[in-house]
>>> print(open('query-v2.cif').read())   # mmCIF, C-alpha atoms and all ligand atoms
data_query
loop_
_atom_site.label_atom_id
_atom_site.label_comp_id
_atom_site.auth_asym_id
_atom_site.auth_seq_id
_atom_site.Cartn_x
_atom_site.Cartn_y
_atom_site.Cartn_z
CA MET K 27 24.60 -16.06 -36.66
CA VAL K 28 27.33 -16.60 -34.15
CA ASN K 29 26.41 -19.51 -31.92
CA MET K 30 29.94 -20.12 -30.75
CA LEU K 31 33.06 -18.00 -30.21
CA PRO K 32 36.54 -18.86 -31.45
CA ARG K 33 38.23 -21.07 -28.88
CA ASP K 34 40.97 -18.56 -27.91
CA ARG K 35 38.37 -15.85 -27.34
CA ALA K 36 36.24 -18.17 -25.21
CA GLU K 37 39.30 -19.18 -23.17
CA LYS K 38 40.16 -15.53 -22.59
CA ILE K 39 36.66 -15.04 -21.17
CA LEU K 40 37.21 -17.93 -18.76
CA THR K 41 40.63 -16.62 -17.66
CA LEU K 42 39.32 -13.15 -16.94
CA GLY K 43 36.16 -14.48 -15.34
CA LYS K 44 38.24 -16.52 -12.89
CA ALA K 45 40.19 -13.33 -12.15
CA GLY K 46 36.99 -11.72 -10.98
CA TRP K 47 35.96 -9.65 -14.00
CA SER K 48 32.22 -9.23 -14.25
CA ALA K 49 30.29 -10.40 -17.28
CA ASP K 50 29.25 -6.83 -18.02
CA THR K 51 32.85 -5.58 -18.03
CA LEU K 52 33.93 -8.49 -20.21
CA ALA K 53 31.04 -7.83 -22.56
CA GLN K 54 32.13 -4.22 -22.90
CA GLN K 55 35.77 -5.08 -23.36
CA LEU K 56 35.43 -7.96 -25.74
CA GLY K 57 32.43 -6.72 -27.70
CA HIS K 58 30.10 -9.67 -27.06
CA SER K 59 26.71 -9.70 -25.37
CA PRO K 60 26.64 -10.32 -21.60
CA THR K 61 24.52 -13.39 -22.40
CA THR K 62 27.28 -14.89 -24.48
CA ILE K 63 29.86 -14.06 -21.82
CA ARG K 64 27.73 -15.67 -19.09
CA ASP K 65 27.20 -18.75 -21.23
CA TYR K 66 30.92 -19.40 -20.97
CA LEU K 67 31.42 -18.18 -17.40
CA ASN K 68 28.62 -20.42 -16.13
CA GLY K 69 29.76 -23.42 -18.11
CA ARG K 70 26.69 -23.47 -20.35
CA LYS K 71 29.07 -23.27 -23.26
CA THR K 72 32.48 -24.83 -23.55
CA PRO K 73 35.21 -23.22 -25.65
CA GLY K 74 35.14 -24.84 -29.08
CA VAL K 75 31.88 -26.72 -28.45
CA PRO K 76 28.49 -25.50 -29.78
CA ALA K 77 25.90 -25.05 -26.99
CA PRO K 78 22.69 -27.09 -26.83
CA ARG K 79 19.41 -25.18 -26.94
CA MET K 80 17.26 -25.36 -23.80
CA HIS K 81 13.54 -24.95 -24.22
CA LEU K 82 12.46 -26.27 -20.84
CA LEU K 83 13.66 -25.59 -17.35
CA THR K 84 16.23 -28.30 -16.76
CA ASP K 85 16.98 -29.54 -13.26
CA ALA K 86 20.14 -27.44 -13.26
CA LEU K 87 18.24 -24.31 -14.25
CA ALA K 88 15.55 -25.09 -11.69
CA ASP K 89 18.21 -25.43 -8.98
CA TYR K 90 19.73 -22.20 -10.13
CA SER K 91 16.36 -20.46 -9.93
CA ARG K 92 15.68 -21.87 -6.47
CA GLN K 93 19.04 -20.66 -5.22
CA ARG K 94 18.59 -17.23 -6.76
CA LEU K 95 15.13 -16.81 -5.28
CA ALA K 96 16.45 -17.91 -1.89
CA GLU K 97 19.50 -15.70 -1.83
CA ASP K 98 17.74 -12.68 -3.28
CA PRO K 99 14.27 -12.37 -1.74
CA HIS K 100 13.58 -9.34 -3.91
CA LEU K 101 14.36 -11.07 -7.16
CA ARG K 102 11.52 -10.58 -9.59
CA PRO K 103 10.54 -13.38 -11.93
CA ASN K 104 11.27 -11.09 -14.82
CA ALA K 105 14.84 -10.55 -13.63
CA LEU K 106 15.25 -14.26 -13.10
CA PHE K 107 13.92 -14.87 -16.61
CA LYS K 108 16.66 -12.61 -17.98
CA GLU K 109 19.32 -14.42 -15.99
CA LEU K 110 18.10 -17.74 -17.27
CA LYS K 111 18.10 -16.51 -20.83
CA GLU K 112 21.72 -15.53 -20.37
CA LEU K 113 22.33 -19.08 -19.21
CA GLY K 114 20.94 -20.44 -22.44
CA PHE K 115 17.24 -20.87 -21.60
CA GLN K 116 15.45 -20.13 -24.82
CA ALA K 117 11.75 -20.61 -24.03
CA SER K 118 9.06 -17.95 -24.10
CA ARG K 119 8.07 -15.97 -21.04
CA ALA K 120 4.79 -17.93 -20.80
CA THR K 121 6.68 -21.23 -20.77
CA PHE K 122 9.00 -19.81 -18.13
CA TYR K 123 6.12 -19.09 -15.73
CA ARG K 124 4.54 -22.45 -16.42
CA GLU K 125 7.87 -24.11 -15.69
CA LEU K 126 8.30 -22.14 -12.49
CA ARG K 127 4.94 -23.36 -11.28
CA HIS K 128 5.72 -26.88 -12.39
CA HIS K 129 8.87 -26.84 -10.25
CA ARG K 130 6.91 -25.21 -7.43
CA LEU K 131 9.09 -22.18 -7.59
CA LEU K 132 6.27 -19.73 -8.13
CA THR K 133 4.12 -20.15 -5.05
CA SER K 134 3.03 -16.79 -3.67
CA THR K 135 0.84 -14.38 -5.54
CA ASP K 136 3.43 -11.64 -5.45
CA ARG K 137 5.58 -13.72 -7.76
CA ARG K 138 2.96 -13.56 -10.47
CA PRO K 139 3.73 -11.39 -13.42
CA HIS K 140 2.55 -7.84 -13.12
CA PRO K 141 1.07 -6.14 -16.18
CA HIS K 142 4.02 -3.76 -16.11
CA GLN K 143 6.47 -6.40 -15.06
CA ASP K 144 9.29 -5.17 -17.26
CA LEU K 145 9.04 -1.62 -16.01
CA LEU K 146 8.78 -2.69 -12.37
CA ALA K 147 11.68 -5.07 -12.71
CA ASP K 148 13.77 -2.38 -14.27
CA LEU K 149 12.88 0.08 -11.54
CA ALA K 150 13.59 -2.48 -8.85
CA GLY K 151 16.87 -3.38 -10.45
CA ARG K 152 17.84 0.24 -10.74
CA SER K 153 16.95 1.17 -7.18
CA ARG K 154 18.83 -1.82 -5.80
CA ALA K 155 21.83 -0.85 -7.88
CA THR K 156 21.63 2.67 -6.47
CA ILE K 157 21.42 1.52 -2.88
CA HIS K 158 24.14 -1.09 -3.24
CA PRO K 159 26.42 0.07 -6.05
CA ILE K 160 28.51 -2.82 -7.25
CA LYS K 161 32.08 -1.65 -7.10
CA HIS K 162 33.86 -3.60 -9.74
CA GLU K 163 37.54 -4.00 -9.06
CA PRO K 164 39.16 -6.09 -11.73
CA VAL K 165 42.26 -8.12 -10.92
CA LEU K 166 44.51 -9.83 -13.44
CA PRO K 167 45.47 -13.48 -12.94
CA ARG K 168 49.21 -12.96 -13.35
CA PRO K 169 50.87 -10.31 -11.18
CA VAL K 170 53.58 -8.14 -12.71
CA ALA K 171 56.18 -6.33 -10.59
CA PRO K 172 57.51 -3.02 -11.91
CA ILE K 173 61.15 -2.48 -12.84
CA THR K 174 62.82 0.54 -11.21
CA GLY K 175 62.43 3.55 -13.47
CA GLU K 176 60.16 1.73 -15.93
CA SER K 177 57.99 3.81 -18.22
CA LEU K 178 54.27 3.57 -17.56
CA SER K 179 53.48 2.36 -21.07
CA SER K 180 56.10 -0.37 -20.73
CA TYR K 181 54.64 -1.55 -17.44
CA LEU K 182 51.08 -1.53 -18.76
CA SER K 183 52.14 -3.36 -21.93
CA ARG K 184 53.93 -6.03 -19.91
CA LEU K 185 50.93 -6.38 -17.64
CA ALA K 186 48.74 -6.86 -20.71
CA ARG K 187 51.07 -9.28 -22.52
CA THR K 188 51.66 -11.40 -19.42
CA ASN K 189 47.91 -11.82 -19.10
CA HIS K 190 47.31 -12.35 -22.84
CA LEU K 191 45.46 -9.08 -23.24
CA THR K 192 45.95 -6.03 -25.40
CA LEU K 193 47.06 -2.69 -23.99
CA ALA K 194 43.67 -1.26 -24.98
CA GLU K 195 41.90 -3.95 -22.95
CA VAL K 196 43.97 -3.12 -19.87
CA LEU K 197 43.48 0.63 -20.33
CA ALA K 198 39.74 0.13 -20.61
CA VAL K 199 39.42 -1.19 -17.06
CA LEU K 200 41.70 1.50 -15.58
CA PRO K 201 40.78 5.11 -14.81
CA SER K 202 41.07 7.49 -17.77
CA TRP K 203 44.12 8.96 -15.99
CA PHE K 204 46.21 6.23 -17.64
CA SER K 205 45.15 6.90 -21.22
CA THR K 206 45.80 10.61 -20.72
CA LYS K 207 49.15 9.88 -19.12
CA ILE K 208 50.55 7.53 -21.73
CA ASN K 209 49.35 9.74 -24.58
CA ASN K 210 51.54 12.47 -23.15
CA PRO K 211 55.00 12.18 -24.70
CA ASP K 212 56.52 13.34 -21.41
CA GLU K 213 55.00 11.01 -18.85
CA LEU K 214 57.39 12.31 -16.18
CA SER K 215 55.72 15.71 -16.10
CA GLN K 216 53.27 15.88 -13.21
CA HIS K 217 50.49 17.88 -14.78
CA HIS K 218 48.42 19.75 -12.21
CA MET K 219 45.18 18.57 -13.85
CA LEU K 220 46.15 14.93 -13.37
CA ALA K 221 47.72 15.27 -9.93
CA PRO K 222 44.53 14.98 -7.82
CA ALA K 223 43.62 11.67 -9.52
CA THR K 224 47.08 10.16 -9.16
CA THR K 225 46.40 8.45 -5.83
CA ASP K 226 43.25 6.75 -7.14
CA ALA K 227 45.06 5.75 -10.33
CA LEU K 228 47.88 4.27 -8.29
CA SER K 229 45.49 2.18 -6.19
CA ALA K 230 43.61 0.96 -9.25
CA LEU K 231 46.78 -0.16 -11.00
CA ALA K 232 48.22 -1.80 -7.89
CA ARG K 233 45.01 -3.80 -7.50
CA LEU K 234 44.93 -4.80 -11.15
CA GLY K 235 48.59 -5.84 -11.25
CA ARG K 236 48.45 -7.38 -7.76
CA THR K 237 51.25 -5.28 -6.36
CA THR K 238 51.28 -2.46 -3.79
CA PRO K 239 50.84 1.28 -4.41
CA GLN K 240 54.14 1.81 -2.52
CA HIS K 241 55.99 -0.56 -4.84
CA LEU K 242 54.55 1.11 -7.94
CA ALA K 243 55.11 4.65 -6.69
CA GLY K 244 58.69 3.83 -5.76
CA ALA K 245 59.47 2.36 -9.17
CA LEU K 246 57.49 4.17 -11.84
CA PRO K 247 58.54 7.77 -12.59
CA ALA K 248 55.05 8.44 -14.01
CA PHE K 249 53.83 8.46 -10.41
CA GLY K 250 56.59 10.86 -9.45
CA ALA K 251 58.96 8.16 -8.16
CA ARG K 252 61.82 9.85 -6.37
CA HIS K 253 64.39 7.13 -6.86
CA THR K 254 66.64 9.86 -8.08
CA ARG K 255 67.66 13.24 -6.88
CA GLY K 256 67.78 15.43 -9.92
CA PRO K 257 67.57 14.68 -13.61
CA VAL K 258 66.99 11.30 -15.20
CA ARG K 259 67.98 9.75 -18.51
CA ALA K 260 66.12 7.40 -20.82
CA THR K 261 67.79 4.04 -21.29
CA THR K 262 66.97 0.35 -21.35
CA ALA K 263 67.09 -1.67 -18.13
CA CYS K 264 70.02 -4.07 -17.72
CA ARG K 265 69.01 -7.25 -19.55
CA CYS K 266 70.56 -9.44 -16.86
CA CYS K 267 68.57 -7.69 -14.13
CA THR K 268 65.33 -8.09 -16.11
CA ALA K 269 66.12 -11.68 -17.16
CA ARG K 270 66.37 -12.61 -13.46
CA ARG K 271 62.75 -11.46 -13.20
CA GLY K 272 61.77 -13.59 -16.19
CA ILE K 273 61.43 -10.64 -18.58
CA THR K 274 62.79 -11.20 -22.06
CA GLU K 275 61.80 -7.99 -23.81
CA PRO K 276 63.69 -4.66 -23.44
CA VAL K 277 62.32 -2.49 -20.65
CA PRO K 278 62.56 1.27 -21.24
CA VAL K 279 63.48 3.05 -18.01
CA HIS K 280 64.38 6.46 -16.68
CA LEU K 281 67.41 6.31 -14.41
CA PRO K 282 69.39 8.95 -12.53
CA VAL K 283 71.50 10.71 -15.09
CA HIS K 284 74.82 9.61 -13.57
CA LEU K 285 73.98 5.89 -13.70
CA LYS K 286 75.75 4.48 -16.75
CA VAL K 287 76.58 0.94 -15.67
CA CYS K 288 74.79 -1.91 -13.93
CA THR K 289 77.66 -2.62 -11.57
CA ARG K 290 76.22 -5.98 -10.59
CA HIS K 291 76.29 -7.36 -14.13
CA GLY K 292 78.81 -5.11 -15.85
CA ILE K 293 76.31 -3.84 -18.41
CA TRP K 294 76.73 -0.40 -19.99
CA LEU K 295 73.30 1.24 -20.11
CA SER K 296 73.36 3.05 -23.42
CA ASP K 297 71.12 5.92 -24.35
CA THR K 298 67.75 4.96 -25.83
CA GLY K 299 68.02 3.52 -29.31
CA GLN K 300 71.48 2.04 -28.78
CA PRO K 301 72.27 -1.45 -27.52
CA ASN K 302 73.39 -2.04 -23.95
CA LEU K 303 76.96 -3.35 -23.85
CA ASP K 304 78.75 -6.02 -21.89
CA VAL K 305 81.68 -4.25 -20.22
CA THR K 306 82.79 -7.04 -17.88
CA ALA K 307 86.05 -7.35 -19.82
CA CYS K 308 86.89 -3.77 -18.80
CA PRO K 309 86.55 -3.67 -14.99
CA GLU K 310 87.87 -0.09 -14.97
CA ILE K 311 84.52 0.97 -16.50
CA ILE K 312 82.65 -0.56 -13.56
CA ALA K 313 85.12 1.01 -11.12
CA ALA K 314 84.50 4.39 -12.75
CA GLN K 315 80.78 4.06 -12.03
CA TYR K 316 81.53 3.60 -8.31
CA ARG K 317 83.79 6.62 -8.48
CA ALA K 318 81.02 8.68 -10.10
CA ASN K 319 78.62 7.58 -7.36
CA ARG K 320 81.08 8.84 -4.74
CA LEU K 321 81.43 12.17 -6.52
CA LEU K 322 77.72 12.74 -5.97
CA ARG K 323 78.40 13.17 -2.27
CA ARG K 324 80.12 16.46 -3.08
CA TYR K 325 78.54 17.54 -6.35
CA THR K 326 75.12 17.68 -7.91
CA PRO K 327 74.22 15.31 -10.80
CA GLN K 328 74.07 18.30 -13.11
CA GLN K 329 77.59 19.32 -12.15
CA LEU K 330 78.79 15.78 -12.75
CA VAL K 331 77.22 15.66 -16.22
CA LEU K 332 78.68 18.99 -17.16
CA ALA K 333 82.18 18.00 -16.02
CA HIS K 334 81.82 14.63 -17.77
CA GLU K 335 81.13 16.30 -21.10
CA THR K 336 84.02 18.71 -20.58
CA ALA K 337 86.28 15.76 -19.78
CA LEU K 338 85.29 13.80 -22.91
CA ALA K 339 86.54 16.66 -25.08
CA ALA K 340 89.84 16.73 -23.17
CA ILE K 341 90.72 13.04 -23.64
CA PRO K 342 93.55 12.53 -26.16
CA LEU K 343 92.24 11.09 -29.40
CA TRP K 344 95.30 8.96 -30.08
CA PRO K 345 97.97 7.34 -27.87
CA ALA K 346 101.11 9.47 -27.49
CA ALA K 347 103.40 6.46 -27.98
CA SER K 348 103.02 2.79 -28.90
CA ALA K 349 103.77 1.79 -25.29
CA ALA K 350 100.63 3.68 -24.22
CA ILE K 351 98.31 1.76 -26.58
CA PRO K 352 97.13 -0.96 -24.12
CA LEU K 353 96.01 1.75 -21.68
CA HIS K 354 94.41 3.98 -24.27
CA TRP K 355 90.63 4.11 -24.66
CA ARG K 356 90.88 2.95 -28.30
CA HIS K 357 92.27 -0.35 -27.03
CA ARG K 358 89.27 -0.64 -24.70
CA LEU K 359 86.97 0.30 -27.60
CA LEU K 360 88.27 -2.59 -29.68
CA THR K 361 87.81 -5.00 -26.77
CA LEU K 362 84.19 -3.90 -26.26
CA GLN K 363 83.38 -4.09 -29.97
CA THR K 364 84.90 -7.54 -30.32
CA ILE K 365 83.24 -9.06 -27.27
CA ASN K 366 79.81 -7.59 -27.86
CA HIS K 367 79.73 -8.43 -31.52
CA ASN K 368 80.95 -11.98 -30.92
CA ARG K 369 78.35 -12.64 -28.23
CA HIS K 370 75.46 -10.85 -29.86
CA HIS K 371 75.82 -10.75 -33.61
CA ASP K 372 72.88 -8.42 -33.90
CA ILE K 373 74.79 -5.70 -32.03
CA GLY K 374 76.63 -3.53 -34.54
CA THR K 375 80.02 -2.02 -33.77
CA ASP K 376 79.37 1.49 -35.05
CA HIS K 377 77.35 2.81 -32.11
CA ASP K 378 78.37 5.91 -30.25
CA ALA K 379 77.76 3.95 -27.04
CA TYR K 380 81.04 2.04 -27.56
CA THR K 381 83.05 5.25 -27.61
CA ARG K 382 81.30 6.68 -24.57
CA ALA K 383 81.78 3.46 -22.62
CA ALA K 384 85.45 3.18 -23.68
CA LYS K 385 86.16 6.77 -22.67
CA TYR K 386 84.19 6.61 -19.43
CA PRO K 387 87.05 5.68 -17.04
CA ASP K 388 89.26 8.43 -18.51
CA ALA K 389 86.45 10.97 -18.33
CA ILE K 390 85.50 10.19 -14.73
CA ALA K 391 89.18 10.37 -13.76
CA LEU K 392 89.27 13.95 -15.07
CA VAL K 393 85.98 15.02 -13.47
CA PRO K 394 87.23 15.85 -9.92
CA ALA K 395 89.89 18.24 -11.25
CA ILE K 396 87.39 19.92 -13.54
CA LEU K 397 84.85 20.24 -10.74
CA SER K 398 87.31 21.60 -8.19
CA THR K 399 88.53 24.19 -10.70
CA ARG K 400 84.95 25.10 -11.41
CA ARG K 401 84.19 25.28 -7.71
CA ILE K 402 87.07 27.68 -7.15
CA GLU K 403 85.80 29.79 -10.02
CA GLN K 404 82.31 29.82 -8.59
CA ASP K 405 83.55 30.52 -5.07
CA LEU K 406 85.35 33.52 -6.48
CA LEU K 407 82.04 34.66 -7.85
CA ALA K 408 80.66 34.20 -4.30
CA LYS K 409 78.05 31.80 -5.51
CA SER K 410 77.24 28.45 -4.00
CA PRO K 411 77.44 25.77 -6.68
CA ARG K 412 74.74 23.72 -5.01
CA HIS K 413 72.46 26.71 -4.88
CA SER K 414 73.04 27.68 -8.48
CA ALA K 415 72.54 24.14 -9.67
CA SER K 416 69.41 23.36 -7.71
CA ARG K 417 66.18 23.29 -9.62
CA PRO K 418 63.41 25.75 -8.88
CA CYS K 419 60.59 24.17 -6.94
ZN ZN H 501 72.01 -5.78 -14.04
#
>>> encode(input="query-v2.cif", output="structure tokens", more="lines below")
Ligand SMILES: [Zn+2]
Amino acid sequence: MVNMLPRDRAEKILTLGKAGWSADTLAQQLGHSPTTIRDYLNGRKTPGVPAPRMHLLTDALADYSRQRLAEDPHLRPNALFKELKELGFQASRATFYRELRHHRLLTSTDRRPHPHQDLLADLAGRSRATIHPIKHEPVLPRPVAPITGESLSSYLSRLARTNHLTLAEVLAVLPSWFSTKINNPDELSQHHMLAPATTDALSALARLGRTTPQHLAGALPAFGARHTRGPVRATTACRCCTARRGITEPVPVHLPVHLKVCTRHGIWLSDTGQPNLDVTACPEIIAAQYRANRLLRRYTPQQLVLAHETALAAIPLWPAASAAIPLHWRHRLLTLQTINHNRHHDIGTDHDAYTRAAKYPDAIALVPAILSTRRIEQDLLAKSPRHSASRPC
């Protein structure tokens, strides 16, 4: 027999109840009876304290009954009896009617129990529910703003954690669109079967997370966010940017493919699985990001990526002379390894990200020449580079 829930579970019920979740939804989510849930929501039970048994209609329950009968003229005694039972009233049905009369709550004949009271009450309850469907719109107590480019599963997990819930609990109150979406390894693909439900899904999530559909749609690629023209890459959001928002865990994001550096904080945004790097000691890396941004005025992101990779292969592996060492990328590499390892001992020095970051200024410096050569080649083939690089719609 479970007469009392663990304190943390009972407190969760109170938190969600205050946020507007119905007892029925909570019962479904948490796997307890609606009666138990209502015991806590209505203060009949206190987290950590066993509830007293009530065999007679107390003044409080009588007041409750009076209020319910006043505010719902169609309320049947049988329905009221069920509500009271959920509040902890444990007497028999016969005692209930006797108590109602005793408190002068059962005055007119139509309040007397009908031989088929249960059936009638059920029918009445059902027809009222049909005429006035209760649209349950859960809201979480703590709002969570999305990070630009954030993956849907990351956002949902943060929303859950911030509100002391599990991801499954959050998914359970959202349209099934979300479960389908996050079970798809490529959440960026806009599947035609899911597309019609996207608008509803967006509204439901915005309501739950207390943000706006516009904000979510502009930030989360799963909703087709167009914060990028062209391809995106998977990385981890700049930890300084997320820390300013009070987020301590890594946030997986999809960013435009040319974005390698958070220029505000001087953080190299490594590919997924590798640590982000502090590159503030090498301002030429940050300057190279600005230069890459400017190149996008003339070239497509795909062209930039292609030229970048070509450039990386063309960078000299070793300095030509000892005088050239301070300007060589290996010098920069050592600086980045030293600084990042000293500041964050958990960041190893053997990641490919170091090399890519160290070579970045040299590579971007070579890109315009590579692209103009390529453009001449393509012009000779009488083919517009923009046209050839654009994606089919
Ligand atoms: Zn940043």
>>> residues_near_ligand(input="query-v2.cif", ligand="ligand ZN 501 (chain H)", cutoff="9 Å", atoms="all atoms listed in the file", output="list in words")
Ala263, Cys264, Arg265, Cys266, Cys267, Thr268, Ala269, Arg270, Val287, Cys288, Thr289, Arg290, His291, Gly292 and Ile293 of chain K
>>> residues_around(input="query-v2.cif", residues="region 231-243 of chain K", least_positions_apart="4", cutoff="9 Å", atoms="all atoms listed in the file", output="PyMOL selection string")
chain K and resi 163-174+182+185+196+199-201+225-227+247-252
>>> closest_residue(input="query-v2.cif", among="K:Thr336, K:Thr51, K:Asn368, K:Ser202", to="Ala395 (chain K)", atoms="all atoms listed in the file")
K:Thr336
>>> atom_distance(input="query-v2.cif", atom1="CA of Gly374 (chain K)", atom2="CA of Pro301 (chain K)")
8.5 Å
>>> residues_around(input="query-v2.cif", residues="Leu31 (chain K)", least_positions_apart="4", cutoff="9 Å", atoms="all atoms listed in the file", output="MDAnalysis selection string")
chainID K and resid 35:36 62 73:76
>>> atom_distance(input="query-v2.cif", atom1="CA of Arg187 (chain K)", atom2="CA of Pro60 (chain K)")
24.5 Å
>>> residues_around(input="query-v2.cif", residues="Arg119 (chain K)", least_positions_apart="2", cutoff="10 Å", atoms="all atoms listed in the file", output="VMD selection string")
chain K and resid 103 to 104 107 to 108 116 to 117 121 to 125 139
>>> write_last_selection(input="query-v2.cif", atoms="C-alpha atoms", output="mmCIF file, keeping the file's coordinate frame")
data_model
loop_
_atom_site.group_PDB
_atom_site.id
_atom_site.type_symbol
_atom_site.label_atom_id
_atom_site.label_comp_id
_atom_site.auth_asym_id
_atom_site.auth_seq_id
_atom_site.Cartn_x
_atom_site.Cartn_y
_atom_site.Cartn_z
ATOM 1 C CA PRO K 103 10.540 -13.380 -11.930
ATOM 2 C CA ASN K 104 11.270 -11.090 -14.820
ATOM 3 C CA PHE K 107 13.920 -14.870 -16.610
ATOM 4 C CA LYS K 108 16.660 -12.610 -17.980
ATOM 5 C CA GLN K 116 15.450 -20.130 -24.820
ATOM 6 C CA ALA K 117 11.750 -20.610 -24.030
ATOM 7 C CA THR K 121 6.680 -21.230 -20.770
ATOM 8 C CA PHE K 122 9.000 -19.810 -18.130
ATOM 9 C CA TYR K 123 6.120 -19.090 -15.730
ATOM 10 C CA ARG K 124 4.540 -22.450 -16.420
ATOM 11 C CA GLU K 125 7.870 -24.110 -15.690
ATOM 12 C CA PRO K 139 3.730 -11.390 -13.420
#
>>> atom_distance(input="query-v2.cif", atom1="CA of Leu343 (chain K)", atom2="CA of Trp294 (chain K)")
21.5 Å
>>> closest_residue(input="query-v2.cif", among="K:Gln328, K:Gln363, K:Thr61, K:Ser348", to="Leu397 (chain K)", atoms="only C-alpha atoms")
K:Gln328
>>> closest_residue(input="query-v2.cif", among="K:Val393, K:Leu42, K:Ala49, K:Ala198", to="Arg320 (chain K)", atoms="all atoms listed in the file")
K:Val393
>>> residues_around(input="query-v2.cif", residues="Pro278 (chain K)", least_positions_apart="3", cutoff="8 Å", atoms="all atoms listed in the file", output="list of chain:residue names")
K:Glu176, K:Ser177, K:Ser180, K:Ala260, K:Thr261, K:Thr262, K:Ala263, K:Thr298
>>> write_last_selection(input="query-v2.cif", atoms="C-alpha atoms", output="compact mmCIF listing (two decimals), keeping the file's coordinate frame")
# COMPACT_ATOMS: atom_id res chain seq x y z
CA GLU K 176 60.16 1.73 -15.93
CA SER K 177 57.99 3.81 -18.22
CA SER K 180 56.10 -0.37 -20.73
CA ALA K 260 66.12 7.40 -20.82
CA THR K 261 67.79 4.04 -21.29
CA THR K 262 66.97 0.35 -21.35
CA ALA K 263 67.09 -1.67 -18.13
CA THR K 298 67.75 4.96 -25.83
>>> residues_around(input="query-v2.cif", residues="region 204-208 of chain K", least_positions_apart="4", cutoff="7 Å", atoms="only C-alpha atoms", output="number ranges by chain")
K: 178-179, 197, 200, 213
>>> write_last_selection(input="query-v2.cif", atoms="C-alpha atoms", output="PDB file, in the frame of the given file")
ATOM      1  CA  LEU K 178      54.270   3.570 -17.560  1.00  0.00           C
ATOM      2  CA  SER K 179      53.480   2.360 -21.070  1.00  0.00           C
ATOM      3  CA  LEU K 197      43.480   0.630 -20.330  1.00  0.00           C
ATOM      4  CA  LEU K 200      41.700   1.500 -15.580  1.00  0.00           C
ATOM      5  CA  GLU K 213      55.000  11.010 -18.850  1.00  0.00           C
TER       6      GLU K 213
END
